[in-house]
>>> print(open('protein10.cif').read())   # mmCIF, C-alpha atoms
data_start
#
loop_
_atom_site.group_PDB
_atom_site.id
_atom_site.type_symbol
_atom_site.label_atom_id
_atom_site.label_comp_id
_atom_site.auth_asym_id
_atom_site.auth_seq_id
_atom_site.Cartn_x
_atom_site.Cartn_y
_atom_site.Cartn_z
ATOM 1 C CA MET A 1 -13.430 17.369 4.131
ATOM 2 C CA ALA A 2 -15.236 16.818 7.401
ATOM 3 C CA GLU A 3 -15.511 19.840 9.676
ATOM 4 C CA SER A 4 -16.320 17.899 12.764
ATOM 5 C CA MET A 5 -13.671 16.821 15.177
ATOM 6 C CA VAL A 6 -13.734 13.457 16.887
ATOM 7 C CA THR A 7 -11.794 12.443 19.943
ATOM 8 C CA ARG A 8 -9.555 9.433 20.014
ATOM 9 C CA GLY A 9 -10.739 6.077 21.176
ATOM 10 C CA PHE A 10 -8.514 4.745 23.928
ATOM 11 C CA LEU A 11 -7.822 2.138 26.498
ATOM 12 C CA GLU A 12 -8.536 3.513 29.938
ATOM 13 C CA THR A 13 -7.184 1.698 32.949
ATOM 14 C CA THR A 14 -7.804 2.384 36.606
ATOM 15 C CA VAL A 15 -6.321 0.527 39.539
ATOM 16 C CA ASN A 16 -7.138 1.186 43.173
ATOM 17 C CA ALA A 17 -5.159 -0.563 45.885
ATOM 18 C CA ASP A 18 -5.976 -0.878 49.594
ATOM 19 C CA HIS A 19 -3.027 -1.531 51.895
ATOM 20 C CA ARG A 20 -4.400 -2.922 55.175
ATOM 21 C CA GLU A 21 -3.119 -4.565 58.293
ATOM 22 C CA GLY A 22 -3.697 -8.304 58.391
ATOM 23 C CA PHE A 23 -5.691 -8.296 61.620
ATOM 24 C CA CYS A 24 -9.328 -7.330 62.028
ATOM 25 C CA GLU A 25 -9.717 -3.836 63.448
ATOM 26 C CA ASN A 26 -12.778 -4.974 65.423
ATOM 27 C CA CYS A 27 -11.670 -8.196 67.114
ATOM 28 C CA GLY A 28 -7.979 -8.630 66.249
ATOM 29 C CA THR A 29 -8.427 -11.939 64.417
ATOM 30 C CA GLN A 30 -6.164 -12.489 61.420
ATOM 31 C CA THR A 31 -8.079 -11.818 58.229
ATOM 32 C CA ALA A 32 -8.390 -14.357 55.422
ATOM 33 C CA ASN A 33 -9.351 -14.130 51.783
ATOM 34 C CA GLU A 34 -13.032 -14.635 51.078
ATOM 35 C CA PHE A 35 -15.104 -14.404 47.928
ATOM 36 C CA TYR A 36 -18.342 -12.434 47.983
ATOM 37 C CA MET A 37 -20.949 -11.208 45.529
ATOM 38 C CA ASP A 38 -21.109 -7.518 44.655
ATOM 39 C CA GLY A 39 -24.337 -7.490 42.668
ATOM 40 C CA ASN A 40 -23.664 -10.021 39.919
ATOM 41 C CA ARG A 41 -19.918 -9.681 40.250
ATOM 42 C CA LYS A 42 -17.872 -12.189 42.187
ATOM 43 C CA ARG A 43 -15.170 -10.370 44.144
ATOM 44 C CA VAL A 44 -12.501 -11.115 46.713
ATOM 45 C CA ARG A 45 -11.420 -9.374 49.907
ATOM 46 C CA SER A 46 -9.430 -10.132 53.016
ATOM 47 C CA ALA A 47 -11.964 -10.197 55.846
ATOM 48 C CA CYS A 48 -12.200 -11.445 59.421
ATOM 49 C CA PRO A 49 -13.572 -15.028 59.556
ATOM 50 C CA GLU A 50 -15.136 -14.248 62.960
ATOM 51 C CA CYS A 51 -16.944 -10.946 62.492
ATOM 52 C CA GLY A 52 -16.486 -10.056 58.816
ATOM 53 C CA GLY A 53 -14.507 -6.913 59.618
ATOM 54 C CA LEU A 54 -11.534 -5.696 57.614
ATOM 55 C CA GLY A 55 -7.993 -4.933 58.650
ATOM 56 C CA ARG A 56 -7.182 -1.343 59.575
ATOM 57 C CA LEU A 57 -6.604 0.692 56.430
ATOM 58 C CA ILE A 58 -3.057 2.007 56.121
ATOM 59 C CA VAL A 59 -3.437 3.737 52.791
ATOM 60 C CA ARG A 60 -5.553 3.609 49.652
ATOM 61 C CA SER A 61 -3.733 4.290 46.397
ATOM 62 C CA VAL A 62 -6.043 5.770 43.766
ATOM 63 C CA SER A 63 -5.955 6.382 40.028
ATOM 64 C CA ILE A 64 -6.161 9.930 38.706
ATOM 65 C CA GLN A 65 -7.343 10.121 35.118
ATOM 66 C CA PRO A 66 -5.912 12.900 32.939
ATOM 67 C CA PRO A 67 -8.478 15.287 31.431
ATOM 68 C CA PRO A 68 -9.872 14.465 27.984
ATOM 69 C CA PRO A 69 -8.327 16.405 25.088
ATOM 70 C CA PRO A 70 -10.122 19.623 24.032
ATOM 71 C CA LYS A 71 -12.900 19.096 21.488
ATOM 72 C CA CYS A 72 -12.654 22.544 19.874
ATOM 73 C CA VAL A 73 -10.143 25.359 19.379
ATOM 74 C CA LYS A 74 -12.248 28.117 20.954
ATOM 75 C CA PRO A 75 -10.404 29.970 23.729
ATOM 76 C CA TRP A 76 -12.819 28.689 26.363
ATOM 77 C CA CYS A 77 -12.235 25.053 25.295
ATOM 78 C CA LEU A 78 -8.480 25.525 25.476
ATOM 79 C CA LEU A 79 -8.650 27.380 28.781
ATOM 80 C CA ARG A 80 -10.910 24.648 30.200
ATOM 81 C CA PHE A 81 -8.330 22.061 29.183
ATOM 82 C CA VAL A 82 -5.483 24.027 30.755
ATOM 83 C CA LEU A 83 -7.425 24.411 34.018
ATOM 84 C CA ASP A 84 -8.400 20.723 34.041
ATOM 85 C CA THR A 85 -4.781 19.766 33.468
ATOM 86 C CA LEU A 86 -3.618 22.030 36.298
ATOM 87 C CA PHE A 87 -6.208 20.519 38.626
ATOM 88 C CA CYS A 88 -5.136 17.014 37.607
ATOM 89 C CA ALA A 89 -1.503 17.844 38.406
ATOM 90 C CA LEU A 90 -2.381 19.341 41.802
ATOM 91 C CA LEU A 91 -4.666 16.436 42.664
ATOM 92 C CA SER A 92 -1.974 13.946 41.663
ATOM 93 C CA SER A 93 0.507 15.775 43.843
ATOM 94 C CA TYR A 94 -1.934 15.704 46.760
ATOM 95 C CA HIS A 95 -2.578 11.963 46.510
ATOM 96 C CA THR A 96 1.128 11.210 46.206
ATOM 97 C CA ARG A 97 1.961 13.296 49.278
ATOM 98 C CA ARG A 98 -0.874 11.979 51.410
ATOM 99 C CA ALA A 99 -0.123 8.339 50.472
ATOM 100 C CA THR A 100 3.516 8.792 51.429
ATOM 101 C CA TYR A 101 2.486 10.520 54.661
ATOM 102 C CA ALA A 102 0.044 7.721 55.526
ATOM 103 C CA GLU A 103 2.623 5.005 54.839
ATOM 104 C CA VAL A 104 5.286 6.703 56.950
ATOM 105 C CA ASN A 105 2.791 7.134 59.808
ATOM 106 C CA ARG A 106 1.158 3.717 59.578
ATOM 107 C CA HIS A 107 1.344 3.154 63.346
ATOM 108 C CA LYS A 108 0.301 6.692 64.310
ATOM 109 C CA LYS A 109 -3.121 8.281 64.525
ATOM 110 C CA ILE A 110 -3.573 10.611 61.569
ATOM 111 C CA LEU A 111 -6.590 12.117 59.837
ATOM 112 C CA GLU A 112 -8.579 9.362 58.128
ATOM 113 C CA ARG A 113 -8.801 11.404 54.937
ATOM 114 C CA TYR A 114 -5.081 10.879 54.379
ATOM 115 C CA ARG A 115 -5.554 7.121 54.495
ATOM 116 C CA THR A 116 -8.680 6.913 52.349
ATOM 117 C CA GLY A 117 -8.063 9.863 50.029
ATOM 118 C CA GLU A 118 -11.640 10.984 50.662
ATOM 119 C CA PRO A 119 -12.879 13.642 50.617
ATOM 120 C CA ALA A 120 -10.475 14.648 47.868
ATOM 121 C CA PRO A 121 -10.082 18.255 46.675
ATOM 122 C CA GLN A 122 -12.798 19.146 44.164
ATOM 123 C CA ASN A 123 -11.221 22.179 42.513
ATOM 124 C CA ILE A 124 -7.902 23.966 42.021
ATOM 125 C CA TRP A 125 -8.307 26.160 45.079
ATOM 126 C CA GLN A 126 -9.038 23.221 47.378
ATOM 127 C CA ALA A 127 -6.139 21.271 45.878
ATOM 128 C CA ILE A 128 -3.715 24.128 46.588
ATOM 129 C CA HIS A 129 -4.980 24.312 50.187
ATOM 130 C CA ALA A 130 -4.729 20.560 50.651
ATOM 131 C CA ASN A 131 -1.173 20.423 49.305
ATOM 132 C CA ILE A 132 0.014 23.243 51.534
ATOM 133 C CA LYS A 133 -1.744 21.755 54.542
ATOM 134 C CA LEU A 134 0.063 18.468 53.966
ATOM 135 C CA THR A 135 3.416 20.219 54.153
ATOM 136 C CA CYS A 136 2.499 21.980 57.429
ATOM 137 C CA PRO A 137 2.867 19.666 60.475
ATOM 138 C CA ILE A 138 0.828 21.924 62.760
ATOM 139 C CA CYS A 139 -2.002 22.207 60.230
ATOM 140 C CA ARG A 140 -2.045 18.418 59.817
ATOM 141 C CA LYS A 141 -2.018 17.720 63.514
ATOM 142 C CA TYR A 142 -4.775 20.157 64.445
ATOM 143 C CA ASN A 143 -6.687 19.853 61.150
ATOM 144 C CA VAL A 144 -6.613 23.547 60.381
ATOM 145 C CA ASP A 145 -6.369 25.387 57.083
ATOM 146 C CA PRO A 146 -3.131 27.406 56.782
ATOM 147 C CA PHE A 147 -4.905 30.060 54.664
ATOM 148 C CA LEU A 148 -7.684 30.619 57.168
ATOM 149 C CA PHE A 149 -5.436 31.485 60.093
ATOM 150 C CA GLY A 150 -6.191 28.417 62.108
ATOM 151 C CA GLU A 151 -9.854 28.001 61.313
ATOM 152 C CA LYS A 152 -10.899 24.408 61.952
ATOM 153 C CA LEU A 153 -11.701 22.482 58.810
ATOM 154 C CA THR A 154 -15.074 20.910 58.412
ATOM 155 C CA GLU A 155 -15.535 17.370 57.127
ATOM 156 C CA GLY A 156 -16.072 18.423 53.537
ATOM 157 C CA ASN A 157 -12.984 20.624 53.249
ATOM 158 C CA MET B 1 4.843 11.474 40.906
ATOM 159 C CA ALA B 2 1.172 10.560 40.750
ATOM 160 C CA GLN B 3 -0.010 7.002 40.474
ATOM 161 C CA THR B 4 0.460 5.949 36.881
ATOM 162 C CA GLN B 5 -1.125 3.041 35.078
ATOM 163 C CA THR B 6 -1.175 2.032 31.456
ATOM 164 C CA VAL B 7 -1.890 -0.761 29.038
ATOM 165 C CA THR B 8 1.507 -1.688 27.653
ATOM 166 C CA ASP B 9 2.481 -1.979 23.987
ATOM 167 C CA THR B 10 3.046 -5.699 24.418
ATOM 168 C CA GLY B 11 -0.407 -5.954 26.001
ATOM 169 C CA ILE B 12 -1.980 -4.319 22.942
ATOM 170 C CA ALA B 13 -0.011 -6.634 20.667
ATOM 171 C CA GLU B 14 -1.327 -9.622 22.626
ATOM 172 C CA LEU B 15 -4.888 -8.288 22.256
ATOM 173 C CA ILE B 16 -4.422 -8.030 18.505
ATOM 174 C CA LEU B 17 -3.116 -11.589 18.422
ATOM 175 C CA LEU B 18 -6.308 -12.679 20.192
ATOM 176 C CA TRP B 19 -8.409 -10.833 17.581
ATOM 177 C CA ARG B 20 -6.414 -12.552 14.849
ATOM 178 C CA GLU B 21 -6.984 -15.912 16.538
ATOM 179 C CA GLU B 22 -3.281 -16.503 16.707
ATOM 180 C CA ALA B 23 -1.296 -17.823 19.649
ATOM 181 C CA ALA B 24 -2.185 -15.569 22.557
ATOM 182 C CA THR B 25 -3.742 -15.834 25.998
ATOM 183 C CA GLY B 26 -5.983 -13.629 28.097
ATOM 184 C CA MET B 27 -5.639 -11.844 31.440
ATOM 185 C CA GLU B 28 -4.730 -14.414 34.048
ATOM 186 C CA SER B 29 -1.848 -13.468 36.359
ATOM 187 C CA ILE B 30 -0.780 -10.646 38.623
ATOM 188 C CA VAL B 31 2.488 -9.851 40.374
ATOM 189 C CA CYS B 32 3.795 -7.071 42.636
ATOM 190 C CA LEU B 33 6.663 -4.830 41.584
ATOM 191 C CA ASN B 34 9.658 -4.488 43.845
ATOM 192 C CA MET B 35 11.354 -1.097 44.003
ATOM 193 C CA ALA B 36 12.456 1.132 46.875
ATOM 194 C CA THR B 37 11.231 4.361 45.258
ATOM 195 C CA PRO B 38 8.036 5.096 43.300
ATOM 196 C CA CYS B 39 8.147 3.978 39.687
ATOM 197 C CA THR B 40 6.403 5.460 36.656
ATOM 198 C CA ALA B 41 4.336 3.218 34.410
ATOM 199 C CA VAL B 42 5.301 3.400 30.746
ATOM 200 C CA VAL B 43 3.801 1.819 27.659
ATOM 201 C CA GLY B 44 7.164 0.343 26.699
ATOM 202 C CA SER B 45 7.391 -1.851 29.789
ATOM 203 C CA THR B 46 7.424 -5.594 29.241
ATOM 204 C CA PHE B 47 7.016 -8.651 31.416
ATOM 205 C CA ALA B 48 10.784 -9.100 31.557
ATOM 206 C CA ASP B 49 11.582 -5.409 31.914
ATOM 207 C CA PRO B 50 9.159 -3.453 34.160
ATOM 208 C CA ALA B 51 9.233 0.315 34.626
ATOM 209 C CA ASP B 52 12.401 2.019 35.848
ATOM 210 C CA THR B 53 14.471 -0.442 37.876
ATOM 211 C CA ALA B 54 11.500 -2.368 39.244
ATOM 212 C CA THR B 55 11.556 -6.147 39.306
ATOM 213 C CA HIS B 56 8.924 -8.766 39.993
ATOM 214 C CA HIS B 57 8.604 -10.019 43.530
ATOM 215 C CA THR B 58 9.366 -13.730 43.617
ATOM 216 C CA ASP B 59 8.311 -14.662 47.153
ATOM 217 C CA SER B 60 6.650 -13.544 50.406
ATOM 218 C CA GLY B 61 3.120 -13.745 49.013
ATOM 219 C CA LEU B 62 3.744 -10.985 46.496
ATOM 220 C CA GLN B 63 4.903 -13.196 43.645
ATOM 221 C CA LEU B 64 3.144 -14.092 40.408
ATOM 222 C CA ALA B 65 -0.273 -15.593 41.099
ATOM 223 C CA ALA B 66 -3.536 -16.296 39.307
ATOM 224 C CA ILE B 67 -5.857 -13.281 39.525
ATOM 225 C CA ALA B 68 -8.626 -14.062 42.029
ATOM 226 C CA THR B 69 -11.529 -12.765 39.933
ATOM 227 C CA VAL B 70 -11.828 -11.487 36.368
ATOM 228 C CA ALA B 71 -15.187 -10.280 35.053
ATOM 229 C CA GLY B 72 -16.715 -8.330 32.213
ATOM 230 C CA ASP B 73 -18.652 -5.092 32.639
ATOM 231 C CA THR B 74 -20.211 -2.204 30.738
ATOM 232 C CA VAL B 75 -19.133 1.430 30.957
ATOM 233 C CA ASN B 76 -19.956 3.044 27.601
ATOM 234 C CA THR B 77 -20.891 0.220 25.270
ATOM 235 C CA ALA B 78 -21.989 -3.285 26.207
ATOM 236 C CA GLY B 79 -19.155 -5.459 27.452
ATOM 237 C CA ASP B 80 -16.426 -2.863 26.859
ATOM 238 C CA THR B 81 -14.773 -3.304 30.248
ATOM 239 C CA ILE B 82 -12.809 -5.934 32.119
ATOM 240 C CA LEU B 83 -12.707 -5.910 35.925
ATOM 241 C CA PHE B 84 -10.234 -7.729 38.115
ATOM 242 C CA ASP B 85 -9.746 -8.222 41.850
ATOM 243 C CA HIS B 86 -6.914 -9.735 43.809
ATOM 244 C CA VAL B 87 -5.625 -9.825 47.376
ATOM 245 C CA PHE B 88 -1.931 -10.206 48.162
ATOM 246 C CA THR B 89 -0.974 -11.177 51.720
ATOM 247 C CA ALA B 90 2.630 -10.413 52.594
ATOM 248 C CA SER B 91 4.602 -12.922 54.647
ATOM 249 C CA ALA B 92 7.623 -10.680 55.176
ATOM 250 C CA THR B 93 8.587 -7.023 55.161
ATOM 251 C CA LYS B 94 8.771 -5.924 51.531
ATOM 252 C CA ASN B 95 8.328 -2.816 49.407
ATOM 253 C CA VAL B 96 5.646 -2.807 46.736
ATOM 254 C CA ALA B 97 5.869 -0.070 44.109
ATOM 255 C CA GLY B 98 3.171 -1.334 41.774
ATOM 256 C CA ILE B 99 1.735 -4.315 39.935
ATOM 257 C CA HIS B 100 1.856 -6.081 36.602
ATOM 258 C CA VAL B 101 -1.228 -7.769 35.168
ATOM 259 C CA CYS B 102 -0.116 -10.540 32.844
ATOM 260 C CA ASN B 103 -1.340 -13.178 30.449
ATOM 261 C CA ASN B 104 -1.820 -16.888 31.070
ATOM 262 C CA ASP B 105 1.586 -17.796 29.656
ATOM 263 C CA ASP B 106 3.257 -15.323 32.020
ATOM 264 C CA ASP B 107 5.290 -13.782 29.236
ATOM 265 C CA VAL B 108 3.262 -10.639 28.409
ATOM 266 C CA THR B 109 2.263 -7.749 30.674
ATOM 267 C CA PHE B 110 -1.126 -6.275 29.789
ATOM 268 C CA ILE B 111 -1.259 -3.557 32.438
ATOM 269 C CA GLU B 112 1.420 -1.855 34.461
ATOM 270 C CA CYS B 113 0.514 0.244 37.491
ATOM 271 C CA CYS B 114 2.857 2.227 39.736
ATOM 272 C CA PHE B 115 1.233 3.351 42.987
ATOM 273 C CA ASN B 116 1.104 6.854 44.493
ATOM 274 C CA ALA B 117 3.779 5.831 46.980
ATOM 275 C CA VAL B 118 5.854 2.772 47.747
ATOM 276 C CA LEU B 119 3.825 0.536 50.048
ATOM 277 C CA ALA B 120 5.888 -0.779 52.946
ATOM 278 C CA MET B 121 4.292 -4.190 53.436
ATOM 279 C CA GLU B 122 4.858 -5.952 56.743
ATOM 280 C CA ASN B 123 4.188 -9.563 57.630
ATOM 281 C CA THR B 124 0.413 -10.361 57.348
ATOM 282 C CA ASP B 125 -0.372 -7.007 55.659
ATOM 283 C CA THR B 126 -2.823 -7.301 52.802
ATOM 284 C CA LEU B 127 -2.944 -5.454 49.494
ATOM 285 C CA THR B 128 -6.326 -5.502 47.776
ATOM 286 C CA ILE B 129 -6.238 -4.669 44.078
ATOM 287 C CA ASP B 130 -9.394 -3.403 42.366
ATOM 288 C CA GLY B 131 -8.736 -2.731 38.702
ATOM 289 C CA GLN B 132 -10.597 -2.130 35.490
ATOM 290 C CA SER B 133 -9.749 -1.483 31.880
ATOM 291 C CA THR B 134 -12.133 -0.024 29.306
ATOM 292 C CA ILE B 135 -11.830 0.186 25.547
ATOM 293 C CA GLU B 136 -13.559 3.402 24.504
ATOM 294 C CA GLN B 137 -15.005 3.794 21.026
ATOM 295 C CA ALA B 138 -13.553 6.579 18.866
#
>>> encode(input="protein10.cif", output="structure tokens")
Amino acid sequence: MAESMVTRGFLETTVNADHREGFCENCGTQTANEFYMDGNRKRVRSACPECGGLGRLIVRSVSIQPPPPPKCVKPWCLLRFVLDTLFCALLSSYHTRRATYAEVNRHKKILERYRTGEPAPQNIWQAIHANIKLTCPICRKYNVDPFLFGEKLTEGN
Amino acid sequence: MAQTQTVTDTGIAELILLWREEAATGMESIVCLNMATPCTAVVGSTFADPADTATHHTDSGLQLAAIATVAGDTVNTAGDTILFDHVFTASATKNVAGIHVCNNDDDVTFIECCFNAVLAMENTDTLTIDGQSTIEQA
């Protein structure tokens, strides 16, 4: 009997969706669909026929992939999986909250990171901060971290 | 609920039909899902019965349409990935909860995706879809 463990093959799907206004954010002209080449790949986008600009981004919906299953039964492998799963759940929660927030405030000026989803939290601690900050109107408005007693966030945080 | 996306059971069955060279068609169409609250993608969804109480949009630029671009790509092994792009332009105020990616006959859903949040589309708003699906070797 084989001692080695193999992971499952699978079908992985990702879908990212950009919700934008239909008028160019540079010149106000209504955007139109155009095909363009991205390397060897033919792609499509809605761009301004005058200046090539895009409509103002309202929100970008992004895929979060669940962590791969553990490849061994050692405690560290299992703990790694548990931590990865927790991070995935927190990150999913963050993206759901910020997408809802960006949609509700489509006509208001909000932090660009809530529209683009970038920079996204990179670890559990950052994800907890980001989730709490999203629930705190004052923290959102002034871009401060609720755990740092009002310290201004830098671009990467 | 986080954004969820999955290849459906009927989509896998259609793939197997293609492998068996029986009556089946490839990825060709895309349509927006109409629902007032976020849906959750499930493998059991079908073209006729999307996730939760979602339905297909039938007008306003969000209805079933030919996918703008479909291409092959490589992630792990040569040619193991399919990429697709599409732009919807709304002509009225509508909610979009997700999308279905369908076959050429418009009777099988390959991929179901439910977005992070319901997108409140207004007249002239655009929704740019950038999707990919990869078959990973065991």
>>> resolve_selection(input="protein10.cif", expression="the PyMOL selection byres ((chain A) within 10 of (chain B))", output="number ranges by chain")
A: 6-23, 30-35, 40-46, 55-65, 88-104, 106
>>> residues_around(input="protein10.cif", residues="B:Val31", least_positions_apart="2", cutoff="6 Å", atoms="only C-alpha atoms", output="list in words")
Gln63, Leu64, Ile99 and His100 of chain B
>>> atom_distance(input="protein10.cif", atom1="atom CA of A:Asn131", atom2="atom CA of A:Leu111")
14.5 Å
>>> atom_distance(input="protein10.cif", atom1="atom CA of B:Asp49", atom2="atom CA of B:Asp105")
16.1 Å
>>> atom_distance(input="protein10.cif", atom1="atom CA of A:Asn26", atom2="atom CA of A:His107")
16.4 Å
>>> closest_residue(input="protein10.cif", among="A:Thr29, A:Thr85, A:Gln126, A:Asn105", to="A:Glu50", atoms="only C-alpha atoms")
A:Thr29
>>> resolve_selection(input="protein10.cif", expression="the PyMOL selection byres ((chain A and resi 83) around 12)", output="JSON list (two decimals) with C-alpha atoms, in the coordinates of the input")
[["chain", "number", "residue", "atom", "x", "y", "z"],
["A", 66, "PRO", "CA", -5.91, 12.90, 32.94],
["A", 67, "PRO", "CA", -8.48, 15.29, 31.43],
["A", 68, "PRO", "CA", -9.87, 14.46, 27.98],
["A", 70, "PRO", "CA", -10.12, 19.62, 24.03],
["A", 76, "TRP", "CA", -12.82, 28.69, 26.36],
["A", 77, "CYS", "CA", -12.24, 25.05, 25.30],
["A", 78, "LEU", "CA", -8.48, 25.52, 25.48],
["A", 79, "LEU", "CA", -8.65, 27.38, 28.78],
["A", 80, "ARG", "CA", -10.91, 24.65, 30.20],
["A", 81, "PHE", "CA", -8.33, 22.06, 29.18],
["A", 82, "VAL", "CA", -5.48, 24.03, 30.76],
["A", 84, "ASP", "CA", -8.40, 20.72, 34.04],
["A", 85, "THR", "CA", -4.78, 19.77, 33.47],
["A", 86, "LEU", "CA", -3.62, 22.03, 36.30],
["A", 87, "PHE", "CA", -6.21, 20.52, 38.63],
["A", 88, "CYS", "CA", -5.14, 17.01, 37.61],
["A", 89, "ALA", "CA", -1.50, 17.84, 38.41],
["A", 90, "LEU", "CA", -2.38, 19.34, 41.80],
["A", 123, "ASN", "CA", -11.22, 22.18, 42.51],
["A", 124, "ILE", "CA", -7.90, 23.97, 42.02],
["A", 125, "TRP", "CA", -8.31, 26.16, 45.08]]
>>> residues_around(input="protein10.cif", residues="B:Gly11", least_positions_apart="6", cutoff="10 Å", atoms="all atoms listed in the file", output="MDAnalysis selection string")
chainID B and resid 17 26:27 43:47 101:103 108:112
>>> residues_near_point(input="protein10.cif", point="(14.1, -2.7, 45.3)", cutoff="10 Å", atoms="only C-alpha atoms", output="compact mmCIF listing (two decimals) with C-alpha atoms, keeping the file's coordinate frame")
# COMPACT_ATOMS: atom_id res chain seq x y z
CA LEU B 33 6.66 -4.83 41.58
CA ASN B 34 9.66 -4.49 43.84
CA MET B 35 11.35 -1.10 44.00
CA ALA B 36 12.46 1.13 46.88
CA THR B 37 11.23 4.36 45.26
CA THR B 53 14.47 -0.44 37.88
CA ALA B 54 11.50 -2.37 39.24
CA THR B 55 11.56 -6.15 39.31
CA HIS B 56 8.92 -8.77 39.99
CA HIS B 57 8.60 -10.02 43.53
CA LYS B 94 8.77 -5.92 51.53
CA ASN B 95 8.33 -2.82 49.41
CA VAL B 96 5.65 -2.81 46.74
CA ALA B 97 5.87 -0.07 44.11
>>> closest_residue(input="protein10.cif", among="B:Val75, B:Leu62, B:Ala51, B:Ala13", to="B:Cys39", atoms="all atoms listed in the file")
B:Ala51
>>> decode(input="protein10.cif", residues="stretch 42-61 of chain B", atoms="N, CA and C atoms", output="PDB file, in the first residue's frame")
ATOM      1  N   VAL B  42     -23.653  27.179  -5.918  1.00  0.00           N
ATOM      2  CA  VAL B  42     -23.662  25.772  -5.503  1.00  0.00           C
ATOM      3  C   VAL B  42     -23.490  24.888  -6.738  1.00  0.00           C
ATOM      4  N   VAL B  43     -22.894  23.740  -6.527  1.00  0.00           N
ATOM      5  CA  VAL B  43     -22.616  22.849  -7.659  1.00  0.00           C
ATOM      6  C   VAL B  43     -23.897  22.305  -8.273  1.00  0.00           C
ATOM      7  N   GLY B  44     -24.975  22.276  -7.504  1.00  0.00           N
ATOM      8  CA  GLY B  44     -26.225  21.719  -7.992  1.00  0.00           C
ATOM      9  C   GLY B  44     -27.046  22.670  -8.843  1.00  0.00           C
ATOM     10  N   SER B  45     -26.577  23.907  -9.000  1.00  0.00           N
ATOM     11  CA  SER B  45     -27.329  24.861  -9.814  1.00  0.00           C
ATOM     12  C   SER B  45     -27.369  24.409 -11.268  1.00  0.00           C
ATOM     13  N   THR B  46     -28.450  24.770 -11.940  1.00  0.00           N
ATOM     14  CA  THR B  46     -28.579  24.443 -13.360  1.00  0.00           C
ATOM     15  C   THR B  46     -28.939  25.709 -14.128  1.00  0.00           C
ATOM     16  N   PHE B  47     -28.958  25.597 -15.440  1.00  0.00           N
ATOM     17  CA  PHE B  47     -29.325  26.747 -16.255  1.00  0.00           C
ATOM     18  C   PHE B  47     -30.739  27.224 -15.897  1.00  0.00           C
ATOM     19  N   ALA B  48     -31.640  26.296 -15.702  1.00  0.00           N
ATOM     20  CA  ALA B  48     -33.030  26.650 -15.425  1.00  0.00           C
ATOM     21  C   ALA B  48     -33.256  27.030 -13.970  1.00  0.00           C
ATOM     22  N   ASP B  49     -32.351  26.611 -13.094  1.00  0.00           N
ATOM     23  CA  ASP B  49     -32.569  26.824 -11.664  1.00  0.00           C
ATOM     24  C   ASP B  49     -31.281  27.310 -11.002  1.00  0.00           C
ATOM     25  N   PRO B  50     -30.982  28.614 -11.108  1.00  0.00           N
ATOM     26  CA  PRO B  50     -29.753  29.157 -10.497  1.00  0.00           C
ATOM     27  C   PRO B  50     -29.804  29.112  -8.968  1.00  0.00           C
ATOM     28  N   ALA B  51     -28.725  29.547  -8.353  1.00  0.00           N
ATOM     29  CA  ALA B  51     -28.592  29.485  -6.897  1.00  0.00           C
ATOM     30  C   ALA B  51     -29.699  30.263  -6.200  1.00  0.00           C
ATOM     31  N   ASP B  52     -30.055  29.772  -5.011  1.00  0.00           N
ATOM     32  CA  ASP B  52     -31.069  30.431  -4.178  1.00  0.00           C
ATOM     33  C   ASP B  52     -32.315  30.763  -5.008  1.00  0.00           C
ATOM     34  N   THR B  53     -32.752  32.020  -4.925  1.00  0.00           N
ATOM     35  CA  THR B  53     -33.943  32.401  -5.700  1.00  0.00           C
ATOM     36  C   THR B  53     -33.563  33.255  -6.903  1.00  0.00           C
ATOM     37  N   ALA B  54     -32.305  33.203  -7.287  1.00  0.00           N
ATOM     38  CA  ALA B  54     -31.858  34.032  -8.421  1.00  0.00           C
ATOM     39  C   ALA B  54     -32.509  33.571  -9.721  1.00  0.00           C
ATOM     40  N   THR B  55     -32.666  34.523 -10.614  1.00  0.00           N
ATOM     41  CA  THR B  55     -33.173  34.222 -11.960  1.00  0.00           C
ATOM     42  C   THR B  55     -32.257  34.900 -12.966  1.00  0.00           C
ATOM     43  N   HIS B  56     -32.389  34.523 -14.211  1.00  0.00           N
ATOM     44  CA  HIS B  56     -31.602  35.175 -15.259  1.00  0.00           C
ATOM     45  C   HIS B  56     -32.230  36.516 -15.619  1.00  0.00           C
ATOM     46  N   HIS B  57     -31.386  37.520 -15.787  1.00  0.00           N
ATOM     47  CA  HIS B  57     -31.901  38.767 -16.350  1.00  0.00           C
ATOM     48  C   HIS B  57     -32.320  38.506 -17.798  1.00  0.00           C
ATOM     49  N   THR B  58     -33.375  39.166 -18.227  1.00  0.00           N
ATOM     50  CA  THR B  58     -33.859  38.933 -19.590  1.00  0.00           C
ATOM     51  C   THR B  58     -33.842  40.200 -20.436  1.00  0.00           C
ATOM     52  N   ASP B  59     -33.365  41.311 -19.851  1.00  0.00           N
ATOM     53  CA  ASP B  59     -33.359  42.562 -20.621  1.00  0.00           C
ATOM     54  C   ASP B  59     -32.336  43.538 -20.031  1.00  0.00           C
ATOM     55  N   SER B  60     -32.392  44.771 -20.481  1.00  0.00           N
ATOM     56  CA  SER B  60     -31.590  45.877 -19.937  1.00  0.00           C
ATOM     57  C   SER B  60     -30.083  45.677 -20.102  1.00  0.00           C
ATOM     58  N   GLY B  61     -29.688  44.915 -21.106  1.00  0.00           N
ATOM     59  CA  GLY B  61     -28.262  44.732 -21.369  1.00  0.00           C
ATOM     60  C   GLY B  61     -27.603  43.683 -20.507  1.00  0.00           C
TER      61      GLY B  61
END
